[in-house]
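Just below is one structure, and these are the notes that go with it.
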Amino acid sequence: MISRKRIIYSKEFVGEIQLTDFEIKTDEISADLTENEILCEALYFGIDAGLKMQAQFYPTGITMISGQIAKVIESRNNDFPKGSVVYGKFGWQSHTKLQPDVLTNKTFCYILPDFGTHSVSLGLGCLGLTGNAAYFGLDLCGAKPGETIVVSSAAGGVGNHVGQIAKINGCRVVGIAGSDEKCKWLVDELRFDDAVNYKSGLFPSKLLDATPNGVDCYFDNVGGLLSNAVILRMKQSGRIVVCGSLSVSNIKVGDKIPQMAELSRNFIFHELKMEGFVVWRWANRWMEGIERNLKWLDEGKLKYHETILEGLDKAPEALIDLMKGKYSGRVVVKV
């Protein structure tokens, strides 16, 4: 038997996430496997702002959802040999036993390609779901060389990656972030053309200064009133792709939700196009995105920033701090 530690989603998230919304449990699972089963031990798992929104579709009492990088420690499956390193939607737990029926679903679990000298933790970030959300989402936006693209939550894992790929593709990139420090990082380290602090109190005028010729593409990670301000700067035939809705994540029943009605005229007369996406739409091209991002990383064209927290127990606090804007780049827990 193997002792397994799990973090349980014990109370429905209402308003801001609280530590009391989680519970830590320890149980035992058998190490004995039937044919085609595997047993994995967690190495890293991801902390994502989107977890709050996703959790509303699950019942309380389950292991908290999350992507995970794990090592196969026992196997009776030839496709997942012992010692291989996998990505899986295993959640916040130390060990996972997988039956053969779920192992045929490559969006649920797959073996990581060779990252060379790079850490396997990047399989949760720029060489995994985060990087692919940026790669395929930007492709959906259709940004062309010379065009201006604005990225919200630009210091986050997806946002900073989007901006860097857009620069590789010859675009002018403007990031929106929540502090002067983050904006400085975007411009000085990642070579964004400009960055605007939406908490500065002068956001609309600073956005105007940063986009004097308007906005061709907007990669939206936050929604709400911030996005309304960007949409009002869109040019003729502008394109908007919606990846996240962080700004409305703490809205409770009865709260007034920012409306887009006042933007209707802009959509009509500027013939704007807006489309949301879930990254698994491109499951059949998944390795294409990882391989392209790995190539850019090896060539020095992409940079990444990871915040790595030690210990499974750190996960709830990490998610709370992430939702408050504490971190830049990708946040992972090292188990």
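Chain labels run A, B, ... following the order of the structure tokens; each chain numbers its residues from 1, and ligands are numbered from 1 in the order shown.
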Using only C-alpha atoms, which protein or nucleic acid residues come within 12 Å of segment 301-303 of chain A? Drop anything in the same chain fewer than 5 positions from it, and give the result as a VMD selection string. chain A and resid 118 122 125 to 127 131 157 160 to 169 185 to 186 189 to 191 292 to 296 329 to 330
Restricting it to N, CA, C and O atoms, dump the selection as a CSV table (one decimal), in the first residue's frame.
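Here's the written file part04.csv:
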chain,number,residue,atom,x,y,z
A,118,HIS,N,15.9,21.5,-20.3
A,118,HIS,CA,14.9,22.2,-19.6
A,118,HIS,C,14.1,21.4,-18.6
A,118,HIS,O,13.9,20.2,-18.8
A,122,LEU,N,8.2,22.7,-17.0
A,122,LEU,CA,7.7,23.5,-18.1
A,122,LEU,C,6.6,22.8,-18.9
A,122,LEU,O,5.9,23.5,-19.7
A,125,GLY,N,3.7,24.7,-18.2
A,125,GLY,CA,3.8,26.1,-18.6
A,125,GLY,C,4.0,26.3,-20.0
A,125,GLY,O,3.2,26.0,-20.9
A,126,CYS,N,5.2,26.9,-20.4
A,126,CYS,CA,5.4,27.3,-21.7
A,126,CYS,C,5.6,26.1,-22.7
A,126,CYS,O,5.4,26.3,-23.9
A,127,LEU,N,5.8,24.9,-22.2
A,127,LEU,CA,5.9,23.7,-23.0
A,127,LEU,C,4.7,22.8,-22.7
A,127,LEU,O,4.8,21.6,-22.8
A,131,GLY,N,1.7,27.4,-22.8
A,131,GLY,CA,2.3,27.7,-24.1
A,131,GLY,C,1.4,27.5,-25.3
A,131,GLY,O,1.4,28.3,-26.2
A,157,GLY,N,1.1,33.8,-17.0
A,157,GLY,CA,1.8,32.7,-17.8
A,157,GLY,C,1.4,32.8,-19.2
A,157,GLY,O,2.3,32.8,-20.1
A,160,ASN,N,2.2,36.7,-21.0
A,160,ASN,CA,3.6,37.1,-21.3
A,160,ASN,C,4.1,36.2,-22.5
A,160,ASN,O,4.8,36.7,-23.4
A,161,HIS,N,3.6,35.0,-22.6
A,161,HIS,CA,3.9,34.1,-23.7
A,161,HIS,C,3.3,34.6,-25.0
A,161,HIS,O,4.0,34.6,-26.1
A,162,VAL,N,2.1,35.0,-25.0
A,162,VAL,CA,1.4,35.6,-26.1
A,162,VAL,C,2.2,36.8,-26.7
A,162,VAL,O,2.5,36.9,-27.9
A,163,GLY,N,2.6,37.7,-25.8
A,163,GLY,CA,3.3,38.9,-26.2
A,163,GLY,C,4.6,38.6,-26.8
A,163,GLY,O,5.0,39.2,-27.8
A,164,GLN,N,5.3,37.6,-26.3
A,164,GLN,CA,6.6,37.2,-26.9
A,164,GLN,C,6.5,36.6,-28.3
A,164,GLN,O,7.2,36.9,-29.2
A,165,ILE,N,5.5,35.7,-28.5
A,165,ILE,CA,5.2,35.1,-29.8
A,165,ILE,C,4.8,36.2,-30.8
A,165,ILE,O,5.3,36.2,-31.9
A,166,ALA,N,4.0,37.2,-30.3
A,166,ALA,CA,3.6,38.3,-31.2
A,166,ALA,C,4.8,39.1,-31.6
A,166,ALA,O,4.9,39.5,-32.8
A,167,LYS,N,5.8,39.3,-30.7
A,167,LYS,CA,7.0,40.0,-31.1
A,167,LYS,C,7.8,39.2,-32.1
A,167,LYS,O,8.4,39.8,-33.1
A,168,ILE,N,7.9,37.9,-31.9
A,168,ILE,CA,8.6,37.0,-32.9
A,168,ILE,C,8.0,37.2,-34.2
A,168,ILE,O,8.7,37.2,-35.3
A,169,ASN,N,6.6,37.3,-34.3
A,169,ASN,CA,5.9,37.4,-35.5
A,169,ASN,C,5.9,38.9,-36.1
A,169,ASN,O,5.2,39.1,-37.1
A,185,TRP,N,9.0,44.8,-16.1
A,185,TRP,CA,9.5,43.5,-16.5
A,185,TRP,C,9.1,43.2,-17.9
A,185,TRP,O,9.9,42.7,-18.7
A,186,LEU,N,7.9,43.5,-18.3
A,186,LEU,CA,7.4,43.2,-19.7
A,186,LEU,C,8.2,44.0,-20.7
A,186,LEU,O,8.6,43.4,-21.8
A,189,GLU,N,12.5,43.2,-19.9
A,189,GLU,CA,13.0,41.8,-20.0
A,189,GLU,C,12.4,41.1,-21.2
A,189,GLU,O,13.1,40.3,-21.9
A,190,LEU,N,11.1,41.3,-21.5
A,190,LEU,CA,10.4,40.5,-22.6
A,190,LEU,C,10.3,41.4,-23.8
A,190,LEU,O,9.8,40.9,-24.8
A,191,ARG,N,10.7,42.6,-23.8
A,191,ARG,CA,10.8,43.5,-25.0
A,191,ARG,C,9.4,43.8,-25.6
A,191,ARG,O,9.3,44.0,-26.8
A,292,ARG,N,7.0,23.7,-31.4
A,292,ARG,CA,7.3,25.1,-31.8
A,292,ARG,C,7.9,26.0,-30.7
A,292,ARG,O,8.8,26.7,-30.8
A,293,ASN,N,7.2,25.9,-29.5
A,293,ASN,CA,7.6,26.7,-28.4
A,293,ASN,C,9.0,26.2,-27.9
A,293,ASN,O,9.8,27.1,-27.5
A,294,LEU,N,9.2,24.9,-27.9
A,294,LEU,CA,10.5,24.4,-27.5
A,294,LEU,C,11.6,24.9,-28.4
A,294,LEU,O,12.7,25.3,-28.0
A,295,LYS,N,11.4,25.0,-29.7
A,295,LYS,CA,12.3,25.5,-30.7
A,295,LYS,C,12.7,26.9,-30.4
A,295,LYS,O,13.8,27.3,-30.4
A,296,TRP,N,11.7,27.7,-30.2
A,296,TRP,CA,11.9,29.2,-29.9
A,296,TRP,C,12.6,29.3,-28.5
A,296,TRP,O,13.5,30.2,-28.4
A,329,GLY,N,4.3,35.4,-14.3
A,329,GLY,CA,4.7,34.2,-15.0
A,329,GLY,C,3.9,33.0,-14.5
A,329,GLY,O,2.8,33.1,-14.0
A,330,ARG,N,4.5,31.8,-14.6
A,330,ARG,CA,3.8,30.5,-14.3
A,330,ARG,C,4.0,30.1,-12.8
A,330,ARG,O,5.2,30.2,-12.3
Segment 146-291 of chain A: residues DSSP assigns to alpha helix (DSSP H), reported as a compact mmCIF listing (two decimals) with N, CA, C and O atoms, in the first residue's frame:
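states_36.txt was written with the following content:
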# COMPACT_ATOMS: atom_id res chain seq x y z
N GLY A 157 1.14 33.75 -16.98
CA GLY A 157 1.78 32.72 -17.78
C GLY A 157 1.40 32.77 -19.24
O GLY A 157 2.27 32.79 -20.13
N VAL A 158 0.11 32.82 -19.54
CA VAL A 158 -0.34 32.89 -20.93
C VAL A 158 -0.02 34.25 -21.54
O VAL A 158 0.50 34.35 -22.65
N GLY A 159 -0.32 35.32 -20.80
CA GLY A 159 -0.17 36.67 -21.33
C GLY A 159 1.23 37.01 -21.77
O GLY A 159 1.45 37.53 -22.88
N ASN A 160 2.24 36.72 -20.95
CA ASN A 160 3.61 37.08 -21.35
C ASN A 160 4.07 36.23 -22.52
O ASN A 160 4.84 36.68 -23.36
N HIS A 161 3.57 35.00 -22.61
CA HIS A 161 3.94 34.12 -23.71
C HIS A 161 3.32 34.62 -25.02
O HIS A 161 3.98 34.64 -26.07
N VAL A 162 2.07 35.04 -24.96
CA VAL A 162 1.40 35.61 -26.14
C VAL A 162 2.19 36.80 -26.68
O VAL A 162 2.46 36.91 -27.88
N GLY A 163 2.57 37.70 -25.77
CA GLY A 163 3.30 38.89 -26.19
C GLY A 163 4.62 38.57 -26.84
O GLY A 163 5.01 39.19 -27.84
N GLN A 164 5.32 37.57 -26.31
CA GLN A 164 6.61 37.21 -26.89
C GLN A 164 6.47 36.59 -28.28
O GLN A 164 7.24 36.89 -29.19
N ILE A 165 5.46 35.72 -28.45
CA ILE A 165 5.25 35.14 -29.78
C ILE A 165 4.84 36.23 -30.77
O ILE A 165 5.29 36.24 -31.92
N ALA A 166 4.01 37.16 -30.32
CA ALA A 166 3.60 38.26 -31.20
C ALA A 166 4.81 39.09 -31.64
O ALA A 166 4.89 39.53 -32.79
N LYS A 167 5.76 39.30 -30.74
CA LYS A 167 6.99 40.02 -31.11
C LYS A 167 7.80 39.21 -32.11
O LYS A 167 8.36 39.76 -33.07
N ILE A 168 7.90 37.90 -31.91
CA ILE A 168 8.59 37.03 -32.87
C ILE A 168 7.97 37.18 -34.25
O ILE A 168 8.66 37.19 -35.28
N ASP A 180 3.50 48.66 -11.58
CA ASP A 180 4.59 49.27 -12.35
C ASP A 180 5.75 48.28 -12.50
O ASP A 180 6.43 48.25 -13.53
N GLU A 181 5.97 47.47 -11.46
CA GLU A 181 7.06 46.48 -11.50
C GLU A 181 6.82 45.46 -12.61
O GLU A 181 7.73 45.12 -13.37
N LYS A 182 5.58 44.98 -12.72
CA LYS A 182 5.26 44.01 -13.77
C LYS A 182 5.40 44.65 -15.15
O LYS A 182 5.90 44.03 -16.09
N CYS A 183 4.95 45.89 -15.28
CA CYS A 183 5.06 46.58 -16.56
C CYS A 183 6.52 46.77 -16.97
O CYS A 183 6.87 46.61 -18.15
N LYS A 184 7.35 47.09 -15.99
CA LYS A 184 8.78 47.26 -16.27
C LYS A 184 9.39 45.94 -16.75
O LYS A 184 10.20 45.91 -17.67
N TRP A 185 8.99 44.84 -16.11
CA TRP A 185 9.48 43.51 -16.51
C TRP A 185 9.08 43.19 -17.94
O TRP A 185 9.88 42.69 -18.73
N LEU A 186 7.86 43.51 -18.30
CA LEU A 186 7.38 43.23 -19.65
C LEU A 186 8.19 43.98 -20.71
O LEU A 186 8.55 43.42 -21.75
N VAL A 187 8.49 45.22 -20.43
CA VAL A 187 9.20 46.05 -21.41
C VAL A 187 10.70 45.76 -21.40
O VAL A 187 11.32 45.56 -22.46
N ASP A 188 11.30 45.73 -20.21
CA ASP A 188 12.76 45.59 -20.11
C ASP A 188 13.24 44.17 -20.39
O ASP A 188 14.27 43.98 -21.06
N PHE A 203 -5.72 54.78 -16.27
CA PHE A 203 -5.64 53.72 -17.25
C PHE A 203 -6.16 54.11 -18.64
O PHE A 203 -5.45 53.90 -19.64
N PRO A 204 -7.36 54.68 -18.79
CA PRO A 204 -7.84 54.99 -20.15
C PRO A 204 -6.91 55.91 -20.93
O PRO A 204 -6.64 55.69 -22.12
N SER A 205 -6.39 56.94 -20.26
CA SER A 205 -5.51 57.88 -20.96
C SER A 205 -4.17 57.24 -21.29
O SER A 205 -3.59 57.48 -22.36
N LYS A 206 -3.65 56.39 -20.38
CA LYS A 206 -2.38 55.71 -20.64
C LYS A 206 -2.53 54.67 -21.75
O LYS A 206 -1.62 54.46 -22.55
N LEU A 207 -3.70 54.03 -21.81
CA LEU A 207 -3.96 53.09 -22.89
C LEU A 207 -4.02 53.83 -24.22
O LEU A 207 -3.49 53.35 -25.23
N LEU A 208 -4.61 55.00 -24.22
CA LEU A 208 -4.66 55.84 -25.42
C LEU A 208 -3.25 56.20 -25.88
O LEU A 208 -2.93 56.11 -27.08
N ASP A 209 -2.39 56.58 -24.93
CA ASP A 209 -1.00 56.93 -25.27
C ASP A 209 -0.25 55.73 -25.84
O ASP A 209 0.60 55.88 -26.73
N ALA A 210 -0.54 54.54 -25.30
CA ALA A 210 0.18 53.34 -25.72
C ALA A 210 -0.32 52.79 -27.06
O ALA A 210 0.38 52.01 -27.71
N GLY A 224 -14.48 42.09 -18.31
CA GLY A 224 -14.91 43.21 -17.47
C GLY A 224 -14.63 44.58 -18.06
O GLY A 224 -14.46 44.76 -19.26
N LEU A 225 -14.60 45.58 -17.17
CA LEU A 225 -14.47 46.98 -17.59
C LEU A 225 -13.12 47.26 -18.24
O LEU A 225 -13.02 48.12 -19.12
N LEU A 226 -12.07 46.56 -17.79
CA LEU A 226 -10.76 46.73 -18.42
C LEU A 226 -10.85 46.40 -19.91
O LEU A 226 -10.36 47.17 -20.76
N SER A 227 -11.48 45.30 -20.23
CA SER A 227 -11.59 44.90 -21.62
C SER A 227 -12.49 45.85 -22.41
O SER A 227 -12.25 46.09 -23.60
N ASN A 228 -13.49 46.39 -21.76
CA ASN A 228 -14.33 47.38 -22.44
C ASN A 228 -13.49 48.54 -22.95
O ASN A 228 -13.68 49.04 -24.07
N ALA A 229 -12.55 48.99 -22.11
CA ALA A 229 -11.70 50.13 -22.50
C ALA A 229 -10.84 49.78 -23.71
O ALA A 229 -10.63 50.62 -24.59
N VAL A 230 -10.34 48.55 -23.77
CA VAL A 230 -9.52 48.14 -24.91
C VAL A 230 -10.38 48.04 -26.17
O VAL A 230 -9.99 48.49 -27.25
N ILE A 231 -11.57 47.46 -26.04
CA ILE A 231 -12.45 47.28 -27.20
C ILE A 231 -12.83 48.62 -27.83
O ILE A 231 -12.97 48.72 -29.05
N SER A 264 -21.88 48.02 -28.45
CA SER A 264 -22.52 47.49 -29.65
C SER A 264 -22.21 48.33 -30.88
O SER A 264 -21.93 47.79 -31.96
N ARG A 265 -22.26 49.65 -30.71
CA ARG A 265 -22.01 50.52 -31.86
C ARG A 265 -20.60 50.31 -32.40
O ARG A 265 -20.40 50.26 -33.62
N ASN A 266 -19.63 50.14 -31.48
CA ASN A 266 -18.26 49.90 -31.91
C ASN A 266 -18.14 48.60 -32.70
O ASN A 266 -17.45 48.52 -33.71
N PHE A 267 -18.80 47.56 -32.22
CA PHE A 267 -18.78 46.27 -32.92
C PHE A 267 -19.38 46.39 -34.32
O PHE A 267 -18.87 45.82 -35.29
N ILE A 268 -20.45 47.14 -34.42
CA ILE A 268 -21.14 47.26 -35.71
C ILE A 268 -20.33 48.07 -36.70
O ILE A 268 -20.00 47.61 -37.80
N PHE A 269 -19.98 49.29 -36.33
CA PHE A 269 -19.37 50.20 -37.30
C PHE A 269 -17.90 49.89 -37.56
O PHE A 269 -17.37 50.25 -38.62
N TRP A 286 -1.55 19.12 -30.62
CA TRP A 286 -0.94 19.48 -29.34
C TRP A 286 0.58 19.50 -29.39
O TRP A 286 1.22 20.44 -28.94
N MET A 287 1.19 18.46 -29.95
CA MET A 287 2.64 18.38 -29.98
C MET A 287 3.25 19.42 -30.92
O MET A 287 4.39 19.84 -30.73
N GLU A 288 2.50 19.84 -31.91
CA GLU A 288 2.98 20.91 -32.79
C GLU A 288 3.27 22.18 -31.98
O GLU A 288 4.33 22.81 -32.14
N GLY A 289 2.33 22.54 -31.09
CA GLY A 289 2.53 23.72 -30.27
C GLY A 289 3.71 23.59 -29.34
O GLY A 289 4.53 24.50 -29.19
N ILE A 290 3.83 22.43 -28.69
CA ILE A 290 4.94 22.20 -27.77
C ILE A 290 6.28 22.25 -28.51
O ILE A 290 7.24 22.89 -28.05
N GLU A 291 6.36 21.60 -29.65
CA GLU A 291 7.61 21.56 -30.41
C GLU A 291 8.01 22.95 -30.92
O GLU A 291 9.19 23.30 -30.91
My list of candidates is A:Val174, A:Ile240, A:Val120, A:Val332. Which is closest to Trp92 of chain A when distances are computed with only C-alpha atoms? A:Val332
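Of note, atom CA of Gly223 of chain A and atom CA of Glu147 of chain A are spaced 21.8 Å apart.
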How close does segment 284-318 of chain A get to segment 55-70 of chain A? List, as a Markdown table, each residue of segment 284-318 of chain A within 12 Å, its nearest atom pair and the distance in Å to one decimal, counting only C-alpha atoms.
| residue | atom | partner | partner_atom | distance |
| --- | --- | --- | --- | --- |
| A:Leu312 | CA | A:Gln68 | CA | 11.6 |
| A:Ala315 | CA | A:Met64 | CA | 9.8 |
| A:Pro316 | CA | A:Met64 | CA | 9.5 |
Selection export as an mmCIF file, in the first residue's frame, atoms kept: all heavy atoms:
data_model
loop_
_atom_site.group_PDB
_atom_site.id
_atom_site.type_symbol
_atom_site.label_atom_id
_atom_site.label_comp_id
_atom_site.auth_asym_id
_atom_site.auth_seq_id
_atom_site.Cartn_x
_atom_site.Cartn_y
_atom_site.Cartn_z
ATOM 1 N N LEU A 312 3.143 20.091 -1.349
ATOM 2 C CA LEU A 312 1.754 20.004 -1.783
ATOM 3 C C LEU A 312 0.836 20.898 -0.952
ATOM 4 O O LEU A 312 -0.119 21.481 -1.469
ATOM 5 C CB LEU A 312 1.306 18.542 -1.702
ATOM 6 C CG LEU A 312 -0.061 18.145 -2.242
ATOM 7 C CD1 LEU A 312 -0.013 16.732 -2.811
ATOM 8 C CD2 LEU A 312 -1.124 18.210 -1.162
ATOM 9 N N ALA A 315 -0.429 24.552 -2.004
ATOM 10 C CA ALA A 315 -1.289 24.822 -3.160
ATOM 11 C C ALA A 315 -2.443 25.793 -2.876
ATOM 12 O O ALA A 315 -2.645 26.747 -3.631
ATOM 13 C CB ALA A 315 -1.808 23.515 -3.737
ATOM 14 N N PRO A 316 -3.247 25.597 -1.821
ATOM 15 C CA PRO A 316 -4.365 26.524 -1.602
ATOM 16 C C PRO A 316 -3.921 27.976 -1.437
ATOM 17 O O PRO A 316 -4.505 28.885 -2.041
ATOM 18 C CB PRO A 316 -5.006 25.990 -0.316
ATOM 19 C CG PRO A 316 -4.667 24.530 -0.302
ATOM 20 C CD PRO A 316 -3.267 24.472 -0.852
#
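Of the listed residues (A:Ala42, A:Ile17, A:Ala154, A:Leu129), A:Ala42 comes nearest to Lys5 of chain A; the distances count only C-alpha atoms.
For the pair atom CA of Lys326 of chain A and atom CA of Ala155 of chain A, the interatomic distance is 10.6 Å.
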